[in-house]
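First comes the structure, then the notes that go with it.
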Amino acid sequence: MAKSINLFMFFSLLTFAPLCFCRNTNGGYLYPQFYDQSCPKAQEIVKSIVAKAVAKEARMAASLVRLHFHDCFVKGCDASILLDNSGRLISEKGSIPNKNSVRGFEVIDEIKSALEKECPQTVSCADILALAARDSTVLTGGPSWALPLGRRDSRDASLSGSNNNIPAPNNTFQTILTKFKLKGLNIVDLVALSGSHTIGNARCTTFRQRLYNQFGNSQADLTLDKSYASQLRARCPKSGGDQNLFTLDFVSPTRFDNNYFKNLLSFKGLLSSDQILVTKNQESMELVKKYAANNEIFFEQFATSMIKMGNISPLTGSKGEIRKNCRKTN
């Protein structure tokens, strides 16, 4: 009888334990304690430098989260996005989604330099990206999670993958969902991860068509609140001002919370890819309503989905390498 009870308790604990050990297609595992022996101060070092960068510029938190996202959606979470042009290697930094857009590379460089001094060629750039994204979320008031670690760095990049795999602001709902599904993510992950737009900015060029010519008929997007659209037009003209920045969540732009979802229900989502979560699919609309009503539920799902995204095709074991410099292969 006692043995049966112990077995029941064991399986119950497994059911409710945090997701820490992630199996991947390379035959290896990612787990939060990966650097406990080889570089015990690794997470502390990353957090300290990220905190300094975010204190200096609040926008950097969103930029670091986005770097991780744009990395994972191309060839998996392998730090390919950090590589510069070199020889035959064509950097992903010049892709349509990334050019004049992704940023935070200097912060990653600073983290890598500090880690190389502490424990040379031990902590991967891919893990630095994942840790920086987690810490940025926490620093702005969002949830934390036990982050599985042990990724290795790629030796190549994919410009075409970056151009084709990363969801774009003007993609249809079905196109975006398909891009998520191709990476093993589902509609719940899509809506929850879109919630990262509770912080950060977007350029005028990414949503201009919503203000002036959404459907090729010289008319504004009817799903955009008229007063909000008028405010946006003041700094996002028909031509010029492409790089003008606008907050993705105008209510609490530097605070990680569920106001993003509340804005969508008021038809005040900045990007088309944001607003279609409410207007183009019933299931996604219900998820938006659920997260708008309960910040805790959103936080729980966001953490779960970030762990899931961070496990997209990581290199482990003898695959890839541990770069000495995140911008180039060894």
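Ligands are numbered from 1 in the order shown, residues from 1 within each chain, and chains are lettered A, B, ... in the order they appear in the structure tokens.
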Rows by chain and residue number, region 49-143 of chain A within 12 Å of region 190-197 of chain A, shortest pair, only C-alpha atoms, as a tab-separated table:
```
residue	atom	partner	partner_atom	distance
A:Arg59	CA	A:His197	CA	11.5
A:Ala61	CA	A:Ser196	CA	10.2
A:Ala62	CA	A:Ser196	CA	7.6
A:Ser63	CA	A:Ser196	CA	10.5
A:Leu64	CA	A:Ser196	CA	11.1
A:Val65	CA	A:Ser196	CA	7.8
A:Arg66	CA	A:Ser196	CA	8.6
A:His68	CA	A:Ser196	CA	11.8
A:Phe69	CA	A:Leu193	CA	9.3
A:Ala133	CA	A:Ser196	CA	10.4
A:Arg134	CA	A:Ser196	CA	11.3
A:Ser136	CA	A:Ser196	CA	10.7
A:Thr137	CA	A:Ser196	CA	8.4
A:Val138	CA	A:Ser196	CA	11.8
A:Thr140	CA	A:Ser196	CA	10.9
A:Gly141	CA	A:Ser196	CA	11.7
A:Gly142	CA	A:Ser196	CA	9.4
A:Pro143	CA	A:Ser196	CA	11.2
```
Serialized selection, C-alpha atoms, as a tab-separated table (two decimals), in the first residue's frame:
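As a result, selection08.tsv now contains:
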```
chain	number	residue	atom	x	y	z
A	59	ARG	CA	13.58	49.68	-25.24
A	61	ALA	CA	14.39	44.66	-23.21
A	62	ALA	CA	12.05	44.21	-26.16
A	63	SER	CA	14.99	44.19	-28.58
A	64	LEU	CA	16.63	41.28	-26.74
A	65	VAL	CA	13.40	39.27	-26.64
A	66	ARG	CA	13.00	39.86	-30.37
A	68	HIS	CA	15.84	35.35	-29.55
A	69	PHE	CA	12.57	35.05	-31.52
A	133	ALA	CA	15.27	37.22	-23.46
A	134	ARG	CA	14.15	35.64	-20.18
A	136	SER	CA	14.53	41.12	-20.17
A	137	THR	CA	11.02	39.80	-19.60
A	138	VAL	CA	11.53	39.63	-15.84
A	140	THR	CA	10.15	44.70	-17.22
A	141	GLY	CA	7.71	43.05	-14.84
A	142	GLY	CA	6.98	39.82	-16.71
A	143	PRO	CA	7.17	36.18	-15.64
```
Practice task
Would you kindly return, as an MDAnalysis selection string, each protein, DNA or RNA residue with an atom no farther than 6 Å from any atom of region 72-80 of chain A, considering only C-alpha atoms and excluding same-chain residues fewer than 6 positions away?
Solution key: chainID A and resid 125:126 153:154 157 161:162 165:166 312:314
Restricting it to N, CA, C and O atoms, dump the selection as an mmCIF file, in the first residue's frame.
```cif
data_model
loop_
_atom_site.group_PDB
_atom_site.id
_atom_site.type_symbol
_atom_site.label_atom_id
_atom_site.label_comp_id
_atom_site.auth_asym_id
_atom_site.auth_seq_id
_atom_site.Cartn_x
_atom_site.Cartn_y
_atom_site.Cartn_z
ATOM 1 N N CYS A 125 26.539 31.241 -27.436
ATOM 2 C CA CYS A 125 25.836 32.475 -27.796
ATOM 3 C C CYS A 125 24.333 32.210 -27.876
ATOM 4 O O CYS A 125 23.523 33.093 -27.571
ATOM 5 N N ALA A 126 23.952 31.004 -28.277
ATOM 6 C CA ALA A 126 22.536 30.634 -28.364
ATOM 7 C C ALA A 126 21.889 30.675 -26.976
ATOM 8 O O ALA A 126 20.759 31.155 -26.816
ATOM 9 N N ASP A 153 26.243 26.596 -30.775
ATOM 10 C CA ASP A 153 26.140 27.611 -31.820
ATOM 11 C C ASP A 153 26.336 27.025 -33.218
ATOM 12 O O ASP A 153 27.168 26.144 -33.425
ATOM 13 N N SER A 154 25.602 27.574 -34.167
ATOM 14 C CA SER A 154 25.723 27.122 -35.554
ATOM 15 C C SER A 154 26.991 27.679 -36.183
ATOM 16 O O SER A 154 27.552 28.676 -35.729
ATOM 17 N N ALA A 157 24.586 30.485 -41.429
ATOM 18 C CA ALA A 157 23.374 31.288 -41.296
ATOM 19 C C ALA A 157 22.496 31.022 -42.517
ATOM 20 O O ALA A 157 22.909 30.345 -43.465
ATOM 21 N N GLY A 161 16.140 31.715 -45.138
ATOM 22 C CA GLY A 161 15.302 31.283 -44.028
ATOM 23 C C GLY A 161 14.796 32.463 -43.222
ATOM 24 O O GLY A 161 13.643 32.486 -42.786
ATOM 25 N N SER A 162 15.656 33.444 -43.043
ATOM 26 C CA SER A 162 15.262 34.644 -42.309
ATOM 27 C C SER A 162 14.193 35.419 -43.075
ATOM 28 O O SER A 162 13.233 35.924 -42.484
ATOM 29 N N ASN A 165 10.864 32.629 -43.125
ATOM 30 C CA ASN A 165 10.294 31.940 -41.960
ATOM 31 C C ASN A 165 9.771 32.843 -40.856
ATOM 32 O O ASN A 165 8.907 32.443 -40.076
ATOM 33 N N ILE A 166 10.306 34.047 -40.764
ATOM 34 C CA ILE A 166 9.894 34.953 -39.690
ATOM 35 C C ILE A 166 8.564 35.620 -40.042
ATOM 36 O O ILE A 166 8.427 36.197 -41.125
ATOM 37 N N ILE A 312 13.288 24.930 -30.193
ATOM 38 C CA ILE A 312 13.201 24.674 -31.633
ATOM 39 C C ILE A 312 14.580 24.305 -32.172
ATOM 40 O O ILE A 312 15.494 25.129 -32.194
ATOM 41 N N SER A 313 14.733 23.077 -32.547
ATOM 42 C CA SER A 313 15.934 22.551 -33.226
ATOM 43 C C SER A 313 17.263 23.044 -32.669
ATOM 44 O O SER A 313 18.124 23.503 -33.436
ATOM 45 N N PRO A 314 17.494 22.934 -31.374
ATOM 46 C CA PRO A 314 18.793 23.371 -30.849
ATOM 47 C C PRO A 314 19.895 22.385 -31.223
ATOM 48 O O PRO A 314 19.644 21.197 -31.414
#
```
Handout entry: CA of Gln43 (chain A) to CA of Gly184 (chain A), straight-line distance in Å
Key =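 If I compute the distance from CA of Gly184 (chain A) to CA of Gln43 (chain A), I get 27.2 Å.
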Exercise for the section: Write down as a ChimeraX atom specification the residues of region 92-209 of chain A whose backbone DSSP state falls under helix (DSSP H, G or I). Expected result: /A:92-94,105-118,125-139,159-165,173-181,187-198,204-206,208-209
Handout entry: Neighbour list for Cys39 (chain A) as a list in words, cut-off 10 Å, only C-alpha atoms, skip fewer than 5 positions in-chain
Key = Phe34, Leu115, Glu118, Cys119, Pro120, Thr122 and Val123 of chain A
Convert the current residue selection to file output with all heavy atoms, as an mmCIF file, in the first residue's frame.
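Below is the file that was written, result-v9.cif:
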```
data_model
loop_
_atom_site.group_PDB
_atom_site.id
_atom_site.type_symbol
_atom_site.label_atom_id
_atom_site.label_comp_id
_atom_site.auth_asym_id
_atom_site.auth_seq_id
_atom_site.Cartn_x
_atom_site.Cartn_y
_atom_site.Cartn_z
ATOM 1 N N PHE A 34 22.551 23.165 -16.632
ATOM 2 C CA PHE A 34 23.622 22.788 -17.561
ATOM 3 C C PHE A 34 24.975 23.398 -17.187
ATOM 4 O O PHE A 34 26.015 22.766 -17.312
ATOM 5 C CB PHE A 34 23.246 23.197 -18.988
ATOM 6 C CG PHE A 34 24.169 22.663 -20.045
ATOM 7 C CD1 PHE A 34 23.997 21.384 -20.562
ATOM 8 C CD2 PHE A 34 25.231 23.437 -20.510
ATOM 9 C CE1 PHE A 34 24.860 20.887 -21.522
ATOM 10 C CE2 PHE A 34 26.095 22.943 -21.479
ATOM 11 C CZ PHE A 34 25.918 21.667 -21.993
ATOM 12 N N LEU A 115 31.645 36.496 -20.102
ATOM 13 C CA LEU A 115 31.606 35.048 -19.881
ATOM 14 C C LEU A 115 32.898 34.372 -20.326
ATOM 15 O O LEU A 115 33.344 33.394 -19.705
ATOM 16 C CB LEU A 115 30.413 34.438 -20.619
ATOM 17 C CG LEU A 115 29.041 34.733 -20.002
ATOM 18 C CD1 LEU A 115 27.926 34.283 -20.929
ATOM 19 C CD2 LEU A 115 28.905 34.054 -18.643
ATOM 20 N N GLU A 118 35.264 34.706 -17.535
ATOM 21 C CA GLU A 118 34.900 33.875 -16.390
ATOM 22 C C GLU A 118 35.112 32.396 -16.654
ATOM 23 O O GLU A 118 35.649 31.673 -15.805
ATOM 24 C CB GLU A 118 33.431 34.129 -16.022
ATOM 25 C CG GLU A 118 32.904 33.300 -14.872
ATOM 26 C CD GLU A 118 33.493 33.710 -13.533
ATOM 27 O OE1 GLU A 118 33.976 34.864 -13.405
ATOM 28 O OE2 GLU A 118 33.482 32.876 -12.603
ATOM 29 N N CYS A 119 34.702 31.934 -17.828
ATOM 30 C CA CYS A 119 34.811 30.513 -18.182
ATOM 31 C C CYS A 119 34.920 30.399 -19.700
ATOM 32 O O CYS A 119 33.881 30.309 -20.379
ATOM 33 C CB CYS A 119 33.636 29.710 -17.639
ATOM 34 S SG CYS A 119 32.060 30.596 -17.572
ATOM 35 N N PRO A 120 36.132 30.449 -20.233
ATOM 36 C CA PRO A 120 36.371 30.475 -21.684
ATOM 37 C C PRO A 120 35.703 29.330 -22.453
ATOM 38 O O PRO A 120 35.715 28.184 -22.014
ATOM 39 C CB PRO A 120 37.900 30.376 -21.779
ATOM 40 C CG PRO A 120 38.402 30.890 -20.468
ATOM 41 C CD PRO A 120 37.379 30.445 -19.467
ATOM 42 N N THR A 122 32.730 28.212 -22.989
ATOM 43 C CA THR A 122 31.853 27.309 -22.245
ATOM 44 C C THR A 122 30.378 27.609 -22.500
ATOM 45 O O THR A 122 29.593 26.701 -22.787
ATOM 46 C CB THR A 122 32.141 27.417 -20.731
ATOM 47 O OG1 THR A 122 33.508 27.074 -20.490
ATOM 48 C CG2 THR A 122 31.225 26.499 -19.925
ATOM 49 N N VAL A 123 30.003 28.881 -22.404
ATOM 50 C CA VAL A 123 28.604 29.271 -22.569
ATOM 51 C C VAL A 123 28.361 29.697 -24.017
ATOM 52 O O VAL A 123 29.045 30.569 -24.548
ATOM 53 C CB VAL A 123 28.226 30.417 -21.620
ATOM 54 C CG1 VAL A 123 26.745 30.783 -21.781
ATOM 55 C CG2 VAL A 123 28.528 30.035 -20.180
#
```
Practice task
For Arg103 (chain A), work out the shell of residues within 10 Å, counting only C-alpha atoms and skipping chain neighbours fewer than 2 positions away, then give it as an NGL selection string.
Solution key: :A and (60 or 62-64 or 66-67 or 93 or 98-101 or 105-108)
Exercise for the section: Point out the residue among A:Lys56, A:Lys280, A:Lys308, A:Lys41 with the least atom-to-atom distance to Lys183 (chain A), counting only C-alpha atoms. Expected result: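 Closest residue, counting only C-alpha atoms: A:Lys308.
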Problem - Nearest candidate to Asn325 (chain A) (options A:Glu92, A:Glu44, A:Asp242, A:Glu116; using only C-alpha atoms) - result: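 Closest to Asn325 (chain A) of all the choices is A:Glu116.
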